[in-house]
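Below: the structure, in structure tokens.
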Amino acid sequence: MIETFQMVWNSQDLGTKTIEHLEMFFWALLFSILFGILIGILIYKKKQLADIVFQVLNIIELIPTLALLILLLPLLGLGSGPTIAACILYSLLPIARNTYTGLVTVNTQYLQAAQGIGLSSKEILLNIRIPYALPHIIGGIRIAIVFTMGVVTLGGVIAAGGLGQSIQTGLQFNRPDIIIVSSIWVGILAVLFDFFAGVVERTLTRRNHLG
Amino acid sequence: MVDYLELLVFDPLPEHLMLVFGSLLISLLLALPLAILCLKNKHLKTLIIGFANLIQAIPSFAVLALVVPLLGIGFTPALFAIILRMMLPIIKNTYIGLTTIDTKTLEYAKGLGLTDRQILFQIRFPNAYPAFFSGVKFAAVLANSLAILSAIIGAGGFGVNVFKYIHQYNIQSLIYSIIPVILIAVGLEITLILLEKKLTPVPLQKS
């Protein structure tokens with residue numbers, strides 16, 4: 001079994017593909033977090049926008065992954081461009097929604113205390129609301145991690161490289177060994193990332209409840 | 001134009017709908033009893049919910065591909081992969097819906113002399129609708145998404161044209177081939193929202 005694994009790993013150059021895969025994953029996640037949190041804060045400041053923004057993001061969520069990749073082709077061509085863009089589009093909803101929920105559900109006691117000691121609303125946002133929203137935000141990022149892993153893997157079918165490409169090679173040439181090794185490897189990576197995000201989420205939640 | 005409709009819409013439609021509705025139906029038939037079993041048996045609950053979380057993290061493409069060495073290619077293996085992938089959000093959400101119920105409501109129900117069975121079907125289930133339906137909506141959208149992808153393992157449907165035109169890099173035909181799938185996704189979501197509204201008893205409806 002280890003022999004098969006090594007053979008596939010070398011013949012498909014899975015080391016390089018893993019690096020490609022993770023590179024797309026990290027860029028996509030970075031931009032998702034940045035834009036997601038910004039949108040969350042924006043709709044917290046302008047609440048009348050919340051409904052429309054969530055509705056638009058919800059509609060994006062309905063589009064099948066392959067269809068979204070294709071819709072992006074005329075704009076971004078084949079490869080990692082549309083893949084990363086699709087990851088970001090899908091990840092905006094969970095991160096923005098959780099950021100917004102986190103910001104509006106802060107315990108009123110803390111807010112009153114902060115107002116009592118004369119903090120401005122900007123200081124309250126930065127020092128009270130955002131730290132307390134953090135576990136929620138991480139929860140959203142955790143969902144985004146799962147989405148992003150899924151989309152990056154599918155990017156293999158539109159020539160984005162990464163581990164999805166070797167899964168596709170396996171399917172095309174009907175090679176069970178390549179299919180099994182690549183799929184299981186990508187599955188292990190996905191489960192590990194989800195696990196670590198879960199640990200961070202729980203740690204932050206616990207800290208908030210103590211503090 | 002007629003040829004286009006024939007080739008890009010009407011030909012792949014039956015297989016696509018069979019994949020989506022077939023997997024939705026079978027997943028519901030399997031998921032609901034399992035969610036109820038989770039309610040009765042804590043060990044089973046830990047096992048099923050743990051497994052659900054694990055599978056949900058694995059990319060759909062990997063799940064779809066892994067079915068091939070086990071079951072081969074074609075419609076049935078694709079159906080199996082889709083069911084595997086969509087059953088778990090339904091089980092998890094149904095379980096959450098059934099358990100996050102006000103304890104007072106349960107006590108009142110017991111006080112009125114309702115049996116366990118009556119409590120399950122007349123109290124717990126209606127209360128679980130919001131969570132249950134959000135699970136079903138998620139699963140339906142997922143099934144639609146996987147149904148187009150499953151052409152890569154020979155299941156037919158809209159994906160056949162998509163993969164053909166990707167190779168030819170024929171953007172116009174690609175866009176035509178995916179529009180029906182996006183419309184089906186929107187249709188599924190709207191139908192399920194309306195169904196939820198219709199089923200939810202008036203006192204439980206959000207104004």
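The way I read the labels, and the way they are meant: chains A, B, ... in the order of the structure tokens, residue 1 as the first residue of every chain, and ligand 1 as the first ligand shown, with later ones counted on from there.
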
Open item on the list: To test your reading of the structure, identify every residue in chain A that backbone DSSP assigns to alpha helix (DSSP H), and report it as number ranges by chain.
Closed with: A: 2-11, 14-45, 50-62, 65-76, 80-104, 108-116, 121-124, 130-154, 163-172, 176-210

Open item on the list: Give me, as a ChimeraX atom specification, all polymer residues having an atom no more than 8 Å from Thr101 of chain A, counting only C-alpha atoms and skipping those fewer than 3 positions away in the same chain.
Closed with: /A:97-98,104-105,133,136

Go ahead and dump the residues you just picked, N, CA and C atoms, as a PDB file, in the first residue's frame.
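Here's the written file out-v6.pdb:
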```pdb
ATOM      1  N   ARG A  97     -21.747  37.080   7.133  1.00  0.00           N
ATOM      2  CA  ARG A  97     -22.909  36.843   7.996  1.00  0.00           C
ATOM      3  C   ARG A  97     -22.472  36.650   9.450  1.00  0.00           C
ATOM      4  N   ASN A  98     -21.424  35.829   9.651  1.00  0.00           N
ATOM      5  CA  ASN A  98     -20.985  35.587  11.025  1.00  0.00           C
ATOM      6  C   ASN A  98     -20.366  36.833  11.645  1.00  0.00           C
ATOM      7  N   VAL A 104     -23.434  42.352  16.207  1.00  0.00           N
ATOM      8  CA  VAL A 104     -24.704  42.843  16.767  1.00  0.00           C
ATOM      9  C   VAL A 104     -25.136  42.095  18.016  1.00  0.00           C
ATOM     10  N   THR A 105     -24.542  40.917  18.282  1.00  0.00           N
ATOM     11  CA  THR A 105     -25.037  40.166  19.441  1.00  0.00           C
ATOM     12  C   THR A 105     -24.132  40.299  20.671  1.00  0.00           C
ATOM     13  N   ALA A 133     -16.758  39.456  18.738  1.00  0.00           N
ATOM     14  CA  ALA A 133     -17.294  38.805  17.534  1.00  0.00           C
ATOM     15  C   ALA A 133     -16.337  37.750  17.000  1.00  0.00           C
ATOM     16  N   HIS A 136     -17.334  34.078  16.485  1.00  0.00           N
ATOM     17  CA  HIS A 136     -18.290  33.982  15.371  1.00  0.00           C
ATOM     18  C   HIS A 136     -17.559  34.071  14.039  1.00  0.00           C
TER      19      HIS A 136
END
```

TODO: Return the single residue from B:Pro12, B:Gly154, B:Gly22, B:Pro126 that is closest to chain A, with distances computed using only C-alpha atoms.
DONE: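 Ranked by minimum distance to chain A, first place goes to B:Gly154.
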
Shell of 6 Å around segment 183-191 of chain A, only C-alpha atoms, local chain residues under 6 positions omitted, as a PDB file with N, CA and C atoms, in the first residue's frame:
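Okay, out-v4.pdb is ready:
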```pdb
ATOM      1  N   ALA B  57     -16.395  17.881   5.456  1.00  0.00           N
ATOM      2  CA  ALA B  57     -15.162  18.630   5.196  1.00  0.00           C
ATOM      3  C   ALA B  57     -14.468  18.162   3.916  1.00  0.00           C
ATOM      4  N   ILE B  58     -14.760  16.933   3.484  1.00  0.00           N
ATOM      5  CA  ILE B  58     -14.067  16.380   2.306  1.00  0.00           C
ATOM      6  C   ILE B  58     -14.645  16.976   1.021  1.00  0.00           C
ATOM      7  N   ALA B  62     -13.653  14.885  -4.545  1.00  0.00           N
ATOM      8  CA  ALA B  62     -12.939  13.720  -4.032  1.00  0.00           C
ATOM      9  C   ALA B  62     -13.912  12.596  -3.694  1.00  0.00           C
TER      10      ALA B  62
END
```

Residues near segment 198-209 of chain A, cut-off 9 Å, only C-alpha atoms, skip fewer than 5 positions along chain, as an mmCIF file with C-alpha atoms, in the first residue's frame:
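Just written: result_36.cif:
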```cif
data_model
loop_
_atom_site.group_PDB
_atom_site.id
_atom_site.type_symbol
_atom_site.label_atom_id
_atom_site.label_comp_id
_atom_site.auth_asym_id
_atom_site.auth_seq_id
_atom_site.Cartn_x
_atom_site.Cartn_y
_atom_site.Cartn_z
ATOM 1 C CA PRO A 131 -12.939 40.981 19.973
ATOM 2 C CA TYR A 132 -16.265 39.550 21.109
ATOM 3 C CA LEU A 134 -14.063 36.876 16.956
ATOM 4 C CA PRO A 135 -15.359 33.361 17.739
ATOM 5 C CA HIS A 136 -18.290 33.982 15.371
ATOM 6 C CA ILE A 137 -15.911 35.262 12.694
ATOM 7 C CA ILE A 138 -13.695 32.190 13.084
ATOM 8 C CA GLY A 139 -16.836 30.040 12.801
ATOM 9 C CA ARG A 142 -14.217 27.566 9.222
ATOM 10 C CA PHE A 193 -7.677 22.203 8.179
#
```

- [ ] Output the contact residues of chain A with respect to chain B at a cut-off of 9 Å, based on only C-alpha atoms, as a PyMOL selection string.
- [x] chain A and resi 59+61-68+70-71+73-74+143+145-154+157-158+164+167-168+170-172+174-177+179-180+182-184+186-191+193-194

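Straight-line separation from atom CA of Ile2 of chain A to atom CA of Leu71 of chain B: 23.2 Å.
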
Open item on the list: Which residues are near Lys45 of chain B? Cut-off 9 Å, only C-alpha atoms, ignore same chain within fewer than 5 positions. Put them as a list in words.
Closed with: Leu34, Ala35, Leu37, Cys38, Leu39, Lys40, Gly50 and Tyr95 of chain B

Task: Selection near Tyr129 of chain B, 12 Å with only C-alpha atoms, sequence-local residues under 6 positions removed, as number ranges by chain - done: B: 90, 93-101, 121-123, 135-137, 192-193, 195-201, 204-205

Task: Shell around segment 17-22 of chain A at 8 Å using only C-alpha atoms, local window under 3 positions removed, as a VMD selection string - done: chain A and resid 13 to 14 25 to 26 152 to 153 161 to 163

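With atom CA of Leu47 of chain B on one side and atom CA of Leu120 of chain B on the other, the separation reads 21.9 Å.
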
Open item on the list: So the first atom is atom CA of Gln12 of chain A and the second is atom CA of Ala197 of chain A; what is the distance between them in Å, to one decimal place?
Closed with: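 That distance, rounded to one decimal, is 29.2 Å.
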